[in-house]
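J.: What follows is start23.tsv, TSV, C-alpha atoms.
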```
chain	number	residue	atom	x	y	z
N	1	MET	CA	0.00	0.00	0.00
N	2	ALA	CA	1.57	3.31	-1.10
N	3	ALA	CA	1.66	6.22	1.29
N	4	SER	CA	-0.56	9.03	0.07
N	5	GLY	CA	0.95	11.75	2.24
N	6	ALA	CA	-2.03	12.68	4.39
N	7	GLY	CA	-1.86	10.66	7.56
N	8	ALA	CA	0.86	8.45	6.13
N	9	GLY	CA	3.34	9.09	8.96
N	10	GLY	CA	6.65	7.26	9.08
N	11	PRO	CA	10.02	8.35	7.70
N	12	ALA	CA	8.61	9.41	4.33
N	13	SER	CA	6.71	12.22	6.07
N	14	LEU	CA	10.03	13.75	7.16
N	15	VAL	CA	11.16	14.47	3.60
N	16	PRO	CA	10.74	18.16	2.70
N	17	ALA	CA	8.38	19.02	-0.13
N	18	PRO	CA	10.13	19.44	-3.50
N	19	ASP	CA	9.51	23.21	-3.55
N	20	VAL	CA	11.35	23.53	-0.22
N	21	LEU	CA	14.34	21.61	-1.58
N	22	GLU	CA	14.47	23.79	-4.70
N	23	THR	CA	13.97	27.20	-3.07
N	24	GLY	CA	15.37	26.77	0.42
N	25	VAL	CA	12.17	28.27	1.79
N	26	VAL	CA	11.00	26.73	5.03
N	27	SER	CA	7.27	26.19	4.99
N	28	PRO	CA	5.10	25.69	8.08
N	29	GLN	CA	4.77	22.01	7.11
N	30	GLU	CA	8.53	21.52	7.09
N	31	ASP	CA	9.74	19.28	9.92
N	32	VAL	CA	12.84	21.42	10.50
N	33	PRO	CA	11.83	24.33	12.74
N	34	PRO	CA	12.45	27.75	11.16
N	35	HIS	CA	14.86	28.65	13.97
N	36	GLU	CA	17.02	25.62	13.13
N	37	GLU	CA	16.91	26.50	9.43
N	38	PHE	CA	18.26	29.94	10.27
N	39	ARG	CA	21.01	28.47	12.45
N	40	ARG	CA	22.08	26.16	9.64
N	41	THR	CA	21.91	28.96	7.08
N	42	ILE	CA	24.01	31.34	9.19
N	43	LEU	CA	26.68	28.70	9.73
N	44	ASP	CA	26.64	27.74	6.05
N	45	LEU	CA	27.03	31.35	4.92
N	46	LEU	CA	29.91	31.86	7.34
N	47	SER	CA	31.60	28.65	6.19
N	48	ARG	CA	31.76	30.10	2.68
N	49	ARG	CA	33.61	33.20	3.88
N	50	ARG	CA	37.24	33.69	4.75
N	51	GLU	CA	38.23	33.45	8.41
N	52	GLY	CA	37.21	36.58	10.29
N	53	ALA	CA	34.63	37.65	7.70
N	54	THR	CA	31.13	38.60	8.76
N	55	ILE	CA	27.62	38.31	7.40
N	56	CYS	CA	24.55	40.44	7.93
N	57	PRO	CA	21.47	38.71	9.39
N	58	SER	CA	19.63	39.90	6.28
N	59	GLU	CA	21.77	37.54	4.20
N	60	ALA	CA	20.37	34.61	6.19
N	61	ALA	CA	16.84	36.03	5.94
N	62	ARG	CA	17.20	36.36	2.16
N	63	ALA	CA	18.53	32.82	1.82
N	64	VAL	CA	15.71	31.31	3.90
N	65	ALA	CA	13.01	33.41	2.19
N	66	GLY	CA	14.16	32.29	-1.23
N	67	PRO	CA	14.48	34.20	-4.50
N	68	GLY	CA	11.84	36.84	-5.06
N	69	ASN	CA	10.26	36.49	-1.61
N	70	ASP	CA	10.07	39.22	1.02
N	71	TRP	CA	12.82	38.54	3.56
N	72	ARG	CA	12.19	41.51	5.87
N	73	PRO	CA	9.58	39.78	8.05
N	74	LEU	CA	12.20	37.11	8.79
N	75	MET	CA	14.74	39.47	10.37
N	76	ASP	CA	13.62	38.88	13.97
N	77	GLU	CA	13.98	35.12	13.48
N	78	ALA	CA	17.44	35.61	11.93
N	79	ARG	CA	18.58	37.71	14.91
N	80	SER	CA	17.07	35.18	17.32
N	81	ALA	CA	18.95	32.33	15.66
N	82	ALA	CA	22.14	34.40	15.84
N	83	ALA	CA	21.54	34.84	19.58
N	84	GLY	CA	21.28	31.07	19.96
N	85	LEU	CA	24.56	30.63	18.11
N	86	VAL	CA	26.17	33.21	20.40
N	87	GLU	CA	24.95	31.25	23.44
N	88	ALA	CA	26.40	28.09	21.91
N	89	GLY	CA	29.75	29.84	21.45
N	90	GLU	CA	29.69	29.41	17.67
N	91	VAL	CA	29.46	33.07	16.64
N	92	VAL	CA	29.90	36.59	17.97
N	93	ILE	CA	27.92	39.71	17.13
N	94	THR	CA	29.77	42.81	15.99
N	95	GLN	CA	29.02	46.45	15.34
N	96	ARG	CA	31.61	48.65	13.65
N	97	GLY	CA	34.08	45.77	14.02
N	98	GLU	CA	33.71	45.43	17.80
N	99	VAL	CA	32.11	42.47	19.56
N	100	VAL	CA	28.85	43.53	21.24
N	101	ASP	CA	26.06	42.02	23.30
N	102	LEU	CA	23.18	41.35	20.92
N	103	ALA	CA	20.60	42.17	23.59
N	104	ALA	CA	22.07	45.66	23.94
N	105	ALA	CA	22.85	46.22	20.25
N	106	ARG	CA	20.80	48.81	18.41
N	107	GLY	CA	21.05	49.24	14.68
N	108	PRO	CA	22.93	47.15	12.13
N	109	ILE	CA	24.84	44.12	13.37
N	110	ARG	CA	27.16	41.59	11.77
N	111	ILE	CA	27.72	37.92	12.61
N	112	ARG	CA	31.22	36.40	12.76
N	113	ARG	CA	32.49	32.94	13.66
N	114	ALA	CA	33.72	32.80	17.25
```
Rewrite the structure from the file as structure tokens, please.
T.:
Amino acid sequence: MAASGAGAGGPASLVPAPDVLETGVVSPQEDVPPHEEFRRTILDLLSRRREGATICPSEAARAVAGPGNDWRPLMDEARSAAAGLVEAGEVVITQRGEVVDLAAARGPIRIRRA
């Protein structure tokens, strides 16, 4: 009996929909929580940069939103994921090249590997 999707359960239900795989957009049905998708995206973007380079949270928001989609509503989630990575000791937050506390930071921030 082939699984039809609705109510099928099991490992097949954990596979992202094809549009998610193609666009990188996390849909509400995706089994990976959006926060985790942002964490992965931030770390992936940083891994593609030279040591000491930074990214803007908007780069992660754009990547998760996918081409042509509005990324601005995702900025709070991107900053929240960055905060989790700071707590885990994986990244630091900078402003004007100086490491800052994200909770106290106002204005543009950058994310750098710790």
J.: Just to confirm, what's the straight-line distance from CA of Gln95 (chain N) to CA of Gly107 (chain N) in Å (one decimal)?
T.: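 Going from CA of Gln95 (chain N) over to CA of Gly107 (chain N), I get 8.5 Å.
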J.: Write out as a VMD selection string the residues lying within 9 Å of Arg96 (chain N), counting only C-alpha atoms and excluding same-chain residues fewer than 2 positions away.
T.: chain N and resid 94 98 to 99 108 to 110
J.: Those residues you just picked out, can you put them in a file as a PDB file, in the frame of the given file with C-alpha atoms?
T.:
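Below you can see part33.pdb, which holds the result:
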```pdb
ATOM      1  CA  THR N  94      29.770  42.810  15.990  1.00  0.00           C
ATOM      2  CA  GLU N  98      33.710  45.430  17.800  1.00  0.00           C
ATOM      3  CA  VAL N  99      32.110  42.470  19.560  1.00  0.00           C
ATOM      4  CA  PRO N 108      22.930  47.150  12.130  1.00  0.00           C
ATOM      5  CA  ILE N 109      24.840  44.120  13.370  1.00  0.00           C
ATOM      6  CA  ARG N 110      27.160  41.590  11.770  1.00  0.00           C
TER       7      ARG N 110
END
```
J.: Scan for residues within 6 Å of the point (27.8, 38.1, 21.6) in the coordinates of the file, using only C-alpha atoms, and reply as a VMD selection string.
T.: chain N and resid 86 92 to 93 100 to 102
J.: How far is it from CA of Arg113 (chain N) to CA of Pro73 (chain N), in Å with one decimal?
T.: 24.6 Å
J.: Give the answer as one residue: which of N:Pro57, N:Leu45, N:Arg40, N:Leu85 has the shortest atom-to-atom distance to Arg72 (chain N), using all atoms listed in the file?
T.: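 Using all atoms listed in the file, the shortest distance to Arg72 (chain N) belongs to N:Pro57.
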J.: Quick one: pull the distance between CA of Ala83 (chain N) and CA of Val64 (chain N), Å, one decimal.
T.: 17.1 Å
J.: Which residues are close to Ala114 (chain N), i.e. within 8 Å by only C-alpha atoms, leaving aside same-chain residues fewer than 5 positions away? Reply as a PDB file with C-alpha atoms, keeping the file's coordinate frame.
T.:
```pdb
ATOM      1  CA  GLY N  89      29.750  29.840  21.450  1.00  0.00           C
ATOM      2  CA  GLU N  90      29.690  29.410  17.670  1.00  0.00           C
ATOM      3  CA  VAL N  91      29.460  33.070  16.640  1.00  0.00           C
ATOM      4  CA  VAL N  92      29.900  36.590  17.970  1.00  0.00           C
TER       5      VAL N  92
END
```
J.: Counting only C-alpha atoms, find the residues whose atoms lie at most 12 Å from (22.1, 41.5, 5.0) (file coordinates) and write them out as a PyMOL selection string.
T.: chain N and resi 42+45+54-63+71-72+74-75+78-79+108-111
J.: So, counting only C-alpha atoms, which residue among N:Arg112, N:Asp76, N:Ala88, N:Ala105 is closest to His35 (chain N)?
T.: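 Closest candidate: N:Asp76.
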